[in-house]
file run15.pdb (PDB, C-alpha atoms)
ATOM      1  CA  MET R   1     -30.358  17.370  23.448
ATOM      2  CA  TYR R   2     -30.464  15.100  20.425
ATOM      3  CA  SER R   3     -29.542  11.557  21.307
ATOM      4  CA  SER R   4     -28.610   9.154  18.547
ATOM      5  CA  THR R   5     -30.138   5.713  18.454
ATOM      6  CA  ILE R   6     -26.873   4.390  17.067
ATOM      7  CA  TYR R   7     -26.294   3.327  20.639
ATOM      8  CA  THR R   8     -29.727   2.607  22.045
ATOM      9  CA  VAL R   9     -32.476   0.238  21.155
ATOM     10  CA  GLY R  10     -35.749   0.264  23.018
ATOM     11  CA  MET R  11     -35.034   0.353  26.713
ATOM     12  CA  GLY R  12     -31.619  -1.266  26.438
ATOM     13  CA  ILE R  13     -28.217  -0.360  25.065
ATOM     14  CA  ARG R  14     -27.350  -1.255  21.515
ATOM     15  CA  PRO R  15     -23.812  -2.531  20.910
ATOM     16  CA  MET R  16     -21.372   0.173  19.843
ATOM     17  CA  GLN R  17     -19.278  -0.154  16.745
ATOM     18  CA  GLU R  18     -15.764  -1.200  17.680
ATOM     19  CA  ALA R  19     -14.179   2.027  16.399
ATOM     20  CA  THR R  20     -16.574   4.082  18.539
ATOM     21  CA  PHE R  21     -15.822   1.967  21.609
ATOM     22  CA  LEU R  22     -12.063   2.312  21.071
ATOM     23  CA  ILE R  23     -12.234   6.085  20.509
ATOM     24  CA  LEU R  24     -14.199   6.558  23.744
ATOM     25  CA  THR R  25     -11.786   4.225  25.553
ATOM     26  CA  ALA R  26      -8.831   6.278  24.267
ATOM     27  CA  LEU R  27     -10.405   9.366  25.845
ATOM     28  CA  ALA R  28     -11.328   7.654  29.132
ATOM     29  CA  ASP R  29      -8.105   8.599  30.927
ATOM     30  CA  GLY R  30      -7.897  12.183  29.711
ATOM     31  CA  SER R  31      -8.263  14.500  26.716
ATOM     32  CA  LYS R  32      -6.369  13.779  23.512
ATOM     33  CA  HIS R  33      -5.911  15.335  20.084
ATOM     34  CA  GLY R  34      -6.665  13.556  16.798
ATOM     35  CA  TYR R  35      -3.263  11.982  16.270
ATOM     36  CA  GLY R  36      -3.172  10.989  19.954
ATOM     37  CA  ILE R  37      -6.506   9.169  19.573
ATOM     38  CA  ILE R  38      -5.245   7.292  16.483
ATOM     39  CA  SER R  39      -2.095   6.214  18.378
ATOM     40  CA  GLN R  40      -4.057   5.181  21.477
ATOM     41  CA  VAL R  41      -6.607   3.177  19.477
ATOM     42  CA  ALA R  42      -3.787   1.351  17.686
ATOM     43  CA  GLY R  43      -2.178   0.623  21.075
ATOM     44  CA  ILE R  44      -5.399  -0.520  22.795
ATOM     45  CA  SER R  45      -6.261  -2.863  19.924
ATOM     46  CA  GLY R  46      -2.743  -4.259  19.694
ATOM     47  CA  GLY R  47      -2.262  -2.636  16.280
ATOM     48  CA  ARG R  48      -5.333  -4.349  14.826
ATOM     49  CA  VAL R  49      -7.406  -1.177  14.412
ATOM     50  CA  ARG R  50      -5.657   1.670  12.620
ATOM     51  CA  LEU R  51      -8.072   4.559  12.249
ATOM     52  CA  ARG R  52      -7.724   6.722   9.172
ATOM     53  CA  ALA R  53      -8.301  10.466   9.398
ATOM     54  CA  GLY R  54     -11.568  10.390   7.415
ATOM     55  CA  THR R  55     -13.059   7.680   9.632
ATOM     56  CA  LEU R  56     -11.833   9.376  12.810
ATOM     57  CA  TYR R  57     -13.268  12.804  12.055
ATOM     58  CA  THR R  58     -16.591  11.409  10.828
ATOM     59  CA  ALA R  59     -16.829   9.507  14.128
ATOM     60  CA  LEU R  60     -15.740  12.522  16.219
ATOM     61  CA  ASP R  61     -18.346  14.699  14.486
ATOM     62  CA  ARG R  62     -21.073  12.140  15.266
ATOM     63  CA  LEU R  63     -19.934  11.640  18.863
ATOM     64  CA  ARG R  64     -19.913  15.401  19.441
ATOM     65  CA  ALA R  65     -23.420  15.673  17.981
ATOM     66  CA  ASP R  66     -24.543  12.904  20.340
ATOM     67  CA  GLY R  67     -22.987  14.654  23.330
ATOM     68  CA  LEU R  68     -20.612  11.791  24.147
ATOM     69  CA  ILE R  69     -17.433  13.849  23.632
ATOM     70  CA  ASP R  70     -16.621  17.544  23.572
ATOM     71  CA  VAL R  71     -13.732  19.815  22.672
ATOM     72  CA  ASP R  72     -11.499  20.296  25.708
ATOM     73  CA  ARG R  73      -9.022  22.899  24.383
ATOM     74  CA  GLU R  74      -7.066  23.952  21.321
ATOM     75  CA  GLU R  75      -3.342  24.510  21.012
ATOM     76  CA  ILE R  76      -1.051  25.689  18.226
ATOM     77  CA  VAL R  77       2.076  23.530  18.000
ATOM     78  CA  ASP R  78       4.611  24.217  15.205
ATOM     79  CA  ASN R  79       2.011  26.453  13.523
ATOM     80  CA  ARG R  80      -0.397  23.522  13.431
ATOM     81  CA  LEU R  81      -3.766  23.313  15.191
ATOM     82  CA  ARG R  82      -4.203  20.683  17.860
ATOM     83  CA  ARG R  83      -7.736  20.231  19.151
ATOM     84  CA  TYR R  84      -8.105  18.125  22.257
ATOM     85  CA  TYR R  85     -11.235  16.078  22.829
ATOM     86  CA  ARG R  86     -12.594  14.814  26.147
ATOM     87  CA  LEU R  87     -15.262  12.387  27.259
ATOM     88  CA  THR R  88     -18.484  14.002  28.562
ATOM     89  CA  PRO R  89     -20.218  12.505  31.639
ATOM     90  CA  GLU R  90     -22.790  10.945  29.257
ATOM     91  CA  GLY R  91     -19.954   9.531  27.138
ATOM     92  CA  GLY R  92     -18.418   8.021  30.277
ATOM     93  CA  ARG R  93     -21.731   6.407  31.224
ATOM     94  CA  ARG R  94     -22.228   4.938  27.729
ATOM     95  CA  LEU R  95     -18.670   3.614  27.646
ATOM     96  CA  ALA R  96     -19.047   2.031  31.094
ATOM     97  CA  ALA R  97     -22.365   0.414  30.081
ATOM     98  CA  GLU R  98     -20.792  -0.976  26.898
ATOM     99  CA  ALA R  99     -17.747  -2.284  28.800
ATOM    100  CA  VAL R 100     -20.030  -4.068  31.297
ATOM    101  CA  ARG R 101     -22.020  -5.580  28.427
ATOM    102  CA  LEU R 102     -18.885  -6.832  26.663
ATOM    103  CA  GLN R 103     -17.485  -8.188  29.919
ATOM    104  CA  ALA R 104     -20.728 -10.059  30.664
ATOM    105  CA  ASN R 105     -20.687 -11.618  27.183
ATOM    106  CA  ALA R 106     -17.008 -12.579  27.504
ATOM    107  CA  THR R 107     -17.620 -14.090  30.943
ATOM    108  CA  ALA R 108     -20.569 -16.119  29.637
ATOM    109  CA  ALA R 109     -18.505 -17.400  26.699
ATOM    110  CA  LEU R 110     -15.513 -18.365  28.843
ATOM    111  CA  THR R 111     -17.730 -20.023  31.458
ATOM    112  CA  ARG R 112     -19.358 -22.211  28.807
ATOM    113  CA  LEU R 113     -16.022 -23.040  27.205
ATOM    114  CA  ASN R 114     -14.542 -24.061  30.545
ATOM    115  CA  PRO R 115     -17.488 -25.366  32.625
ATOM    116  CA  GLY R 116     -15.283 -27.258  35.004
ATOM    117  CA  LEU R 117     -12.801 -24.484  35.589
ATOM    118  CA  GLY R 118     -15.115 -21.504  35.869
ATOM    119  CA  VAL R 119     -14.063 -18.156  34.507
ATOM    120  CA  ILE R 120     -10.418 -17.799  33.470
TER
ATOM    121  CA  MET B 121       7.633  22.938  -4.098
ATOM    122  CA  ASN B 122       9.004  20.523  -1.484
ATOM    123  CA  GLN B 123       7.526  17.086  -0.813
ATOM    124  CA  SER B 124       5.718  18.105   2.361
ATOM    125  CA  ALA B 125       4.041  21.121   0.717
ATOM    126  CA  GLN B 126       3.073  18.967  -2.270
ATOM    127  CA  LEU B 127       1.530  16.334  -0.006
ATOM    128  CA  GLU B 128      -0.300  18.968   2.045
ATOM    129  CA  ARG B 129      -1.769  20.494  -1.102
ATOM    130  CA  ALA B 130      -2.983  17.071  -2.255
ATOM    131  CA  TYR B 131      -4.563  16.417   1.167
ATOM    132  CA  ARG B 132      -6.313  19.798   1.073
ATOM    133  CA  ARG B 133      -7.783  18.954  -2.321
ATOM    134  CA  LEU B 134      -9.275  15.783  -0.828
ATOM    135  CA  VAL B 135     -10.530  17.544   2.308
ATOM    136  CA  ALA B 136     -12.220  20.078  -0.025
ATOM    137  CA  CYS B 137     -14.763  17.291  -0.763
ATOM    138  CA  TYR B 138     -16.245  17.794   2.757
ATOM    139  CA  PRO B 139     -19.106  20.264   3.351
ATOM    140  CA  ARG B 140     -17.947  23.862   3.867
ATOM    141  CA  SER B 141     -19.301  24.080   7.441
ATOM    142  CA  PHE B 142     -17.353  20.956   8.459
ATOM    143  CA  ARG B 143     -14.188  22.174   6.722
ATOM    144  CA  ARG B 144     -14.330  25.567   8.387
ATOM    145  CA  GLU B 145     -14.064  23.922  11.770
ATOM    146  CA  ASN B 146     -11.967  20.843  11.040
ATOM    147  CA  GLU B 147      -9.813  21.293   7.924
ATOM    148  CA  GLU B 148      -6.624  22.477   9.646
ATOM    149  CA  GLU B 149      -6.875  19.715  12.216
ATOM    150  CA  ILE B 150      -7.522  16.945   9.677
ATOM    151  CA  VAL B 151      -4.625  18.091   7.515
ATOM    152  CA  THR B 152      -2.387  18.142  10.614
ATOM    153  CA  VAL B 153      -3.373  14.550  11.432
ATOM    154  CA  LEU B 154      -2.966  13.423   7.807
ATOM    155  CA  LEU B 155       0.541  14.896   7.669
ATOM    156  CA  ALA B 156       1.398  13.383  11.061
ATOM    157  CA  THR B 157       0.338   9.909   9.910
ATOM    158  CA  ALA B 158       2.032  10.182   6.470
ATOM    159  CA  ARG B 159       5.004   7.950   5.740
ATOM    160  CA  GLN B 160       8.509   9.413   5.565
ATOM    161  CA  GLY B 161       9.038  10.809   2.062
ATOM    162  CA  GLN B 162       5.383  10.332   1.038
ATOM    163  CA  ARG B 163       4.552  12.642  -1.885
ATOM    164  CA  ARG B 164       0.891  11.947  -2.549
ATOM    165  CA  PRO B 165      -2.074  10.510  -0.594
ATOM    166  CA  GLY B 166      -2.411   6.717  -0.652
ATOM    167  CA  ILE B 167      -5.394   5.020  -2.296
ATOM    168  CA  GLY B 168      -6.754   3.825   1.049
ATOM    169  CA  GLU B 169      -6.642   7.199   2.780
ATOM    170  CA  SER B 170      -8.020   8.957  -0.319
ATOM    171  CA  ALA B 171     -10.952   6.519  -0.452
ATOM    172  CA  ASP B 172     -11.501   6.958   3.293
ATOM    173  CA  LEU B 173     -11.641  10.761   2.982
ATOM    174  CA  ILE B 174     -13.931  10.678  -0.062
ATOM    175  CA  ARG B 175     -16.255   8.162   1.612
ATOM    176  CA  GLY B 176     -16.406  10.298   4.783
ATOM    177  CA  ALA B 177     -17.108  13.418   2.701
ATOM    178  CA  LEU B 178     -19.863  11.694   0.720
ATOM    179  CA  ARG B 179     -21.548  10.374   3.856
ATOM    180  CA  MET B 180     -21.381  13.808   5.416
ATOM    181  CA  ARG B 181     -22.710  15.533   2.279
ATOM    182  CA  ILE B 182     -25.758  13.287   2.042
ATOM    183  CA  GLY B 183     -26.251  13.615   5.791
ATOM    184  CA  LEU B 184     -25.641   9.978   6.625
ATOM    185  CA  SER B 185     -22.665  10.351   8.938
ATOM    186  CA  ARG B 186     -25.035  10.834  11.907
ATOM    187  CA  ALA B 187     -27.879   8.635  10.701
ATOM    188  CA  PRO B 188     -28.912   5.462  12.555
ATOM    189  CA  ARG B 189     -28.504   2.145  10.697
ATOM    190  CA  THR B 190     -32.244   1.897   9.926
ATOM    191  CA  VAL B 191     -32.238   5.274   8.126
ATOM    192  CA  LEU B 192     -28.972   4.405   6.394
ATOM    193  CA  ASN B 193     -30.562   1.230   4.979
ATOM    194  CA  ALA B 194     -33.788   3.056   4.061
ATOM    195  CA  VAL B 195     -31.763   5.627   2.100
ATOM    196  CA  ARG B 196     -29.829   2.835   0.365
ATOM    197  CA  LEU B 197     -33.153   1.259  -0.662
ATOM    198  CA  MET B 198     -34.343   4.623  -1.994
ATOM    199  CA  TYR B 199     -31.244   4.945  -4.163
ATOM    200  CA  LEU B 200     -31.938   1.385  -5.331
ATOM    201  CA  GLY B 201     -35.501   2.459  -6.147
ATOM    202  CA  ALA B 202     -34.156   5.397  -8.164
ATOM    203  CA  LEU B 203     -31.819   3.026  -9.991
ATOM    204  CA  ALA B 204     -34.667   0.592 -10.766
ATOM    205  CA  GLU B 205     -36.845   3.444 -12.057
ATOM    206  CA  LEU B 206     -33.919   4.721 -14.132
ATOM    207  CA  GLY B 207     -33.633   1.209 -15.601
ATOM    208  CA  VAL B 208     -37.309   1.308 -16.597
ATOM    209  CA  LEU B 209     -36.797   4.791 -18.098
ATOM    210  CA  LEU B 210     -33.804   3.651 -20.162
ATOM    211  CA  THR B 211     -35.663   0.541 -21.344
ATOM    212  CA  LEU B 212     -38.582   2.730 -22.447
ATOM    213  CA  VAL B 213     -36.345   5.146 -24.333
ATOM    214  CA  LEU B 214     -34.246   2.408 -25.971
ATOM    215  CA  THR B 215     -37.177   0.205 -27.001
ATOM    216  CA  GLU B 216     -39.684   2.892 -27.972
ATOM    217  CA  GLY B 217     -38.904   2.648 -31.708
ATOM    218  CA  SER B 218     -39.070  -1.119 -31.893
ATOM    219  CA  ILE B 219     -42.304  -1.266 -29.850
ATOM    220  CA  ARG B 220     -43.922   1.323 -32.130
ATOM    221  CA  ALA B 221     -42.777  -0.600 -35.212
ATOM    222  CA  ALA B 222     -44.098  -3.873 -33.763
ATOM    223  CA  VAL B 223     -47.498  -2.324 -32.985
ATOM    224  CA  ILE B 224     -47.787  -0.923 -36.531
ATOM    225  CA  HIS B 225     -46.577  -4.215 -38.042
ATOM    226  CA  ARG B 226     -49.190  -6.249 -36.139
ATOM    227  CA  ASN B 227     -51.960  -3.758 -36.862
ATOM    228  CA  PRO B 228     -51.595  -2.726 -40.505
ATOM    229  CA  GLY B 229     -54.826  -0.732 -40.365
ATOM    230  CA  VAL B 230     -53.668   1.529 -37.578
ATOM    231  CA  THR B 231     -54.722   5.143 -38.078
ATOM    232  CA  MET B 232     -52.541   8.258 -37.719
ATOM    233  CA  ALA B 233     -54.621   9.284 -34.706
ATOM    234  CA  GLN B 234     -53.835   5.952 -33.013
ATOM    235  CA  VAL B 235     -50.106   6.367 -33.744
ATOM    236  CA  ASN B 236     -50.233   9.848 -32.217
ATOM    237  CA  GLN B 237     -52.035   8.410 -29.211
ATOM    238  CA  LEU B 238     -49.285   5.792 -28.855
ATOM    239  CA  ASN B 239     -46.603   8.490 -29.087
ATOM    240  CA  GLY B 240     -48.419  10.491 -26.426
ATOM    241  CA  LEU B 241     -48.518   7.418 -24.202
ATOM    242  CA  PHE B 242     -44.754   6.904 -24.605
ATOM    243  CA  THR B 243     -44.084  10.548 -23.765
ATOM    244  CA  PHE B 244     -46.334  10.331 -20.707
ATOM    245  CA  GLU B 245     -44.626   7.140 -19.481
ATOM    246  CA  THR B 246     -41.116   8.547 -20.108
ATOM    247  CA  VAL B 247     -41.833  11.817 -18.282
ATOM    248  CA  GLY B 248     -43.536   9.854 -15.504
ATOM    249  CA  CYS B 249     -40.483   7.603 -15.038
ATOM    250  CA  ALA B 250     -38.150  10.624 -14.985
ATOM    251  CA  VAL B 251     -40.314  12.343 -12.351
ATOM    252  CA  VAL B 252     -40.495   9.188 -10.198
ATOM    253  CA  THR B 253     -36.684   8.781 -10.437
ATOM    254  CA  ALA B 254     -36.275  12.400  -9.303
ATOM    255  CA  VAL B 255     -38.729  11.802  -6.414
ATOM    256  CA  TRP B 256     -36.773   8.709  -5.282
ATOM    257  CA  LEU B 257     -33.532  10.746  -5.332
ATOM    258  CA  TRP B 258     -35.109  13.627  -3.429
ATOM    259  CA  LEU B 259     -36.542  11.233  -0.834
ATOM    260  CA  ALA B 260     -33.119   9.600  -0.370
ATOM    261  CA  TRP B 261     -31.465  12.987   0.041
ATOM    262  CA  GLY B 262     -34.148  14.442   2.323
ATOM    263  CA  ASN B 263     -34.409  11.382   4.569
ATOM    264  CA  GLY B 264     -30.612  11.131   4.782
ATOM    265  CA  LYS B 265     -30.517  14.755   5.915
ATOM    266  CA  GLY B 266     -33.195  14.014   8.509
ATOM    267  CA  TYR B 267     -35.951  16.251   7.145
ATOM    268  CA  ALA B 268     -39.245  15.206   8.736
ATOM    269  CA  LEU B 269     -41.118  16.334   5.614
ATOM    270  CA  ALA B 270     -39.138  13.859   3.485
ATOM    271  CA  ARG B 271     -40.194  11.017   5.765
ATOM    272  CA  VAL B 272     -43.850  12.041   5.565
ATOM    273  CA  VAL B 273     -43.633  12.374   1.755
ATOM    274  CA  ALA B 274     -42.023   8.914   1.540
ATOM    275  CA  ILE B 275     -44.827   7.310   3.556
ATOM    276  CA  VAL B 276     -47.614   9.167   1.718
ATOM    277  CA  SER B 277     -46.044   8.416  -1.704
ATOM    278  CA  PHE B 278     -45.839   4.743  -0.841
ATOM    279  CA  ALA B 279     -49.499   4.705   0.287
ATOM    280  CA  ILE B 280     -50.575   6.429  -2.951
ATOM    281  CA  ALA B 281     -48.455   4.061  -5.072
ATOM    282  CA  THR B 282     -49.936   1.047  -3.275
ATOM    283  CA  ALA B 283     -53.491   2.320  -3.802
ATOM    284  CA  GLY B 284     -52.663   2.987  -7.474
ATOM    285  CA  ILE B 285     -51.309  -0.521  -8.023
ATOM    286  CA  ILE B 286     -54.342  -2.114  -6.329
ATOM    287  CA  GLY B 287     -56.668   0.073  -8.418
ATOM    288  CA  ASN B 288     -54.891  -0.764 -11.700
ATOM    289  CA  MET B 289     -54.867  -4.473 -10.951
ATOM    290  CA  ALA B 290     -58.547  -4.428 -10.090
ATOM    291  CA  ASP B 291     -59.343  -2.520 -13.299
ATOM    292  CA  GLY B 292     -57.620  -4.918 -15.657
ATOM    293  CA  ALA B 293     -54.723  -7.011 -14.524
ATOM    294  CA  GLU B 294     -54.867  -9.047 -17.750
ATOM    295  CA  LEU B 295     -53.760  -5.953 -19.731
ATOM    296  CA  TYR B 296     -50.363  -5.858 -18.042
ATOM    297  CA  ALA B 297     -47.376  -7.735 -19.442
ATOM    298  CA  PRO B 298     -45.716 -10.065 -16.896
ATOM    299  CA  ALA B 299     -42.486  -7.991 -17.099
ATOM    300  CA  ALA B 300     -44.388  -4.818 -16.163
ATOM    301  CA  VAL B 301     -46.063  -6.569 -13.213
ATOM    302  CA  ILE B 302     -42.716  -7.937 -11.991
ATOM    303  CA  ALA B 303     -41.015  -4.520 -12.349
ATOM    304  CA  SER B 304     -43.850  -2.820 -10.424
ATOM    305  CA  GLY B 305     -43.658  -5.526  -7.766
ATOM    306  CA  VAL B 306     -39.910  -5.119  -7.295
ATOM    307  CA  VAL B 307     -40.189  -1.325  -6.983
ATOM    308  CA  TRP B 308     -43.119  -1.716  -4.565
ATOM    309  CA  VAL B 309     -41.123  -4.120  -2.357
ATOM    310  CA  ILE B 310     -38.200  -1.642  -2.327
ATOM    311  CA  GLY B 311     -40.616   1.098  -1.261
ATOM    312  CA  LEU B 312     -42.153  -1.140   1.405
ATOM    313  CA  GLY B 313     -38.696  -1.918   2.836
ATOM    314  CA  ALA B 314     -37.747   1.757   2.942
ATOM    315  CA  VAL B 315     -41.006   2.776   4.646
ATOM    316  CA  VAL B 316     -40.790  -0.020   7.231
ATOM    317  CA  LEU B 317     -37.228   1.085   8.089
ATOM    318  CA  LEU B 318     -38.263   4.754   8.329
ATOM    319  CA  LEU B 319     -41.070   3.820  10.733
ATOM    320  CA  GLN B 320     -38.710   1.970  13.089
ATOM    321  CA  LYS B 321     -38.361   3.473  16.563
ATOM    322  CA  GLN B 322     -34.612   3.844  16.052
ATOM    323  CA  SER B 323     -35.195   6.103  13.020
ATOM    324  CA  SER B 324     -37.295   8.732  14.803
ATOM    325  CA  PRO B 325     -34.548  10.764  16.579
ATOM    326  CA  HIS B 326     -32.830  11.313  13.199
ATOM    327  CA  PHE B 327     -35.886  13.293  12.099
ATOM    328  CA  THR B 328     -36.464  15.271  15.282
ATOM    329  CA  ARG B 329     -33.232  17.241  14.716
ATOM    330  CA  HIS B 330     -34.868  19.177  11.871
ATOM    331  CA  ALA B 331     -38.317  19.416  13.412
ATOM    332  CA  PRO B 332     -39.466  22.894  14.469
ATOM    333  CA  SER B 333     -38.826  23.471  18.180
TER
END
call {"tool": "encode", "arguments": {"input": "run15.pdb", "output": "structure tokens"}}
result
Amino acid sequence: MYSSTIYTVGMGIRPMQEATFLILTALADGSKHGYGIISQVAGISGGRVRLRAGTLYTALDRLRADGLIDVDREEIVDNRLRRYYRLTPEGGRRLAAEAVRLQANATAALTRLNPGLGVI
Amino acid sequence: MNQSAQLERAYRRLVACYPRSFRRENEEEIVTVLLATARQGQRRPGIGESADLIRGALRMRIGLSRAPRTVLNAVRLMYLGALAELGVLLTLVLTEGSIRAAVIHRNPGVTMAQVNQLNGLFTFETVGCAVVTAVWLWLAWGNGKGYALARVVAIVSFAIATAGIIGNMADGAELYAPAAVIASGVVWVIGLGAVVLLLQKQSSPHFTRHAPS
């Protein structure tokens, strides 16, 4: 399978773009359709990141090509198509690796900011 | 036509910018999401969402939506190279008359054969610039799409151009005007940057997608 180097550099993991990280996070607890992903991403980011449709579907297309997400099912609601996307096992692994990386960086920053108090 | 139908039609016109294969699979879904995220009473797409859709469509059409950052930057440099070459082409076309007049003015004894030779040189340079501009554009398109052949052609073209520049300089660097040397140098540096980016490890998977299995 083709694997994009958007995410990997050499032997390590390259940082994900924030939108990619948030989309994968939105799918971590179950499949969602496009509008559901936009709502979840807005919620997770506290309203800071509001994905537009063009950005979302370009990202979904790339993530599907990279095997990180897949189509779960399709439904017709009010004569409109709803396609649900889910995280693949590889997508789950990449998301977990990125979360660990971000957490390690955050811990290091907070430890240095508060040397006497340790991690908040 | 009611507001919702009017808005949907406008969205479909924007989504029509995407490649046909992408639209076939995603158009209905994108339009559904666009309508779901539209404001109450909205009659036409906003500037931001229109720009977002057009940008996504453009990136998808030139194959960059799945390209790693290194390839993305290499393709940008190639478009810059095409632009620089186009600048040289325009300068040649716009200044051809005045250069010819200046040559004749400085050399009153110039023969008709020499004038014809000069005209031939201008034609050769103009056609050459147009061809090189087209090659830059093709390389940008092909590398963006991930065609392995385009990457090979880019590297080989750069090697040939480098050898040509070294050869010309060795033959008679004093014959070149400083502006011509600077222009060649700038285009060469753009080419070098693009080739270095294409040879990065991160770029390789982008080109294996179109390689024969």
call {"tool": "closest_residue", "arguments": {"input": "run15.pdb", "among": "B:Ala300, B:Ala187, B:Ala221, B:Val255", "to": "R:Asp66", "atoms": "all atoms listed in the file"}}
result
B:Ala187
call {"tool": "closest_residue", "arguments": {"input": "run15.pdb", "among": "B:Thr243, B:Gln320, B:Trp256, B:Glu205", "to": "chain R", "atoms": "only C-alpha atoms"}}
result
B:Gln320
call {"tool": "resolve_selection", "arguments": {"input": "run15.pdb", "expression": "the PyMOL selection byres ((chain B) within 9 of (chain R))", "output": "count of residues only"}}
result
37
call {"tool": "residues_near_point", "arguments": {"input": "run15.pdb", "point": "(6.3, 17.6, -1.9)", "cutoff": "12 Å", "atoms": "only C-alpha atoms", "output": "PDB file with C-alpha atoms, in the coordinates of the input"}}
result
ATOM      1  CA  MET B 121       7.633  22.938  -4.098  1.00  0.00           C
ATOM      2  CA  ASN B 122       9.004  20.523  -1.484  1.00  0.00           C
ATOM      3  CA  GLN B 123       7.526  17.086  -0.813  1.00  0.00           C
ATOM      4  CA  SER B 124       5.718  18.105   2.361  1.00  0.00           C
ATOM      5  CA  ALA B 125       4.041  21.121   0.717  1.00  0.00           C
ATOM      6  CA  GLN B 126       3.073  18.967  -2.270  1.00  0.00           C
ATOM      7  CA  LEU B 127       1.530  16.334  -0.006  1.00  0.00           C
ATOM      8  CA  GLU B 128      -0.300  18.968   2.045  1.00  0.00           C
ATOM      9  CA  ARG B 129      -1.769  20.494  -1.102  1.00  0.00           C
ATOM     10  CA  ALA B 130      -2.983  17.071  -2.255  1.00  0.00           C
ATOM     11  CA  TYR B 131      -4.563  16.417   1.167  1.00  0.00           C
ATOM     12  CA  LEU B 155       0.541  14.896   7.669  1.00  0.00           C
ATOM     13  CA  ALA B 158       2.032  10.182   6.470  1.00  0.00           C
ATOM     14  CA  GLN B 160       8.509   9.413   5.565  1.00  0.00           C
ATOM     15  CA  GLY B 161       9.038  10.809   2.062  1.00  0.00           C
ATOM     16  CA  GLN B 162       5.383  10.332   1.038  1.00  0.00           C
ATOM     17  CA  ARG B 163       4.552  12.642  -1.885  1.00  0.00           C
ATOM     18  CA  ARG B 164       0.891  11.947  -2.549  1.00  0.00           C
ATOM     19  CA  PRO B 165      -2.074  10.510  -0.594  1.00  0.00           C
TER      20      PRO B 165
END
call {"tool": "atom_distance", "arguments": {"input": "run15.pdb", "atom1": "atom CA of B:Pro298", "atom2": "atom CA of B:Phe244"}}
result
20.8 Å
call {"tool": "atom_distance", "arguments": {"input": "run15.pdb", "atom1": "atom CA of B:Cys249", "atom2": "atom CA of B:Val272"}}
result
21.3 Å
call {"tool": "resolve_selection", "arguments": {"input": "run15.pdb", "expression": "the PyMOL selection byres ((chain R and resi 98) around 10)", "output": "compact mmCIF listing (two decimals) with C-alpha atoms, in the frame of the given file"}}
result
# COMPACT_ATOMS: atom_id res chain seq x y z
CA TYR R 7 -26.29 3.33 20.64
CA ILE R 13 -28.22 -0.36 25.06
CA ARG R 14 -27.35 -1.25 21.52
CA PRO R 15 -23.81 -2.53 20.91
CA MET R 16 -21.37 0.17 19.84
CA PHE R 21 -15.82 1.97 21.61
CA GLY R 92 -18.42 8.02 30.28
CA ARG R 93 -21.73 6.41 31.22
CA ARG R 94 -22.23 4.94 27.73
CA LEU R 95 -18.67 3.61 27.65
CA ALA R 96 -19.05 2.03 31.09
CA ALA R 97 -22.36 0.41 30.08
CA ALA R 99 -17.75 -2.28 28.80
CA VAL R 100 -20.03 -4.07 31.30
CA ARG R 101 -22.02 -5.58 28.43
CA LEU R 102 -18.89 -6.83 26.66
CA GLN R 103 -17.48 -8.19 29.92
CA ALA R 104 -20.73 -10.06 30.66
call {"tool": "residues_around", "arguments": {"input": "run15.pdb", "residues": "stretch 48-50 of chain R", "least_positions_apart": "5", "cutoff": "8 Å", "atoms": "all atoms listed in the file", "output": "ChimeraX atom specification"}}
result
/R:19,38,41-42
call {"tool": "residues_around", "arguments": {"input": "run15.pdb", "residues": "R:Ile69", "least_positions_apart": "6", "cutoff": "8 Å", "atoms": "only C-alpha atoms", "output": "PDB file with C-alpha atoms, keeping the file's coordinate frame"}}
result
ATOM      1  CA  LEU R  24     -14.199   6.558  23.744  1.00  0.00           C
ATOM      2  CA  LEU R  60     -15.740  12.522  16.219  1.00  0.00           C
ATOM      3  CA  LEU R  63     -19.934  11.640  18.863  1.00  0.00           C
ATOM      4  CA  TYR R  85     -11.235  16.078  22.829  1.00  0.00           C
ATOM      5  CA  ARG R  86     -12.594  14.814  26.147  1.00  0.00           C
ATOM      6  CA  LEU R  87     -15.262  12.387  27.259  1.00  0.00           C
ATOM      7  CA  THR R  88     -18.484  14.002  28.562  1.00  0.00           C
ATOM      8  CA  GLY R  91     -19.954   9.531  27.138  1.00  0.00           C
TER       9      GLY R  91
END
call {"tool": "resolve_selection", "arguments": {"input": "run15.pdb", "expression": "the PyMOL selection byres ((chain B and resi 275) around 12)", "output": "PyMOL selection string"}}
result
chain B and resi 194+259+263+268-274+276-282+311-319
call {"tool": "atom_distance", "arguments": {"input": "run15.pdb", "atom1": "atom CA of B:Leu212", "atom2": "atom CA of B:Gln237"}}
result
16.1 Å
call {"tool": "closest_residue", "arguments": {"input": "run15.pdb", "among": "B:Arg133, B:Leu203, B:Val235, B:Ala303", "to": "B:Ala222", "atoms": "only C-alpha atoms"}}
result
B:Val235
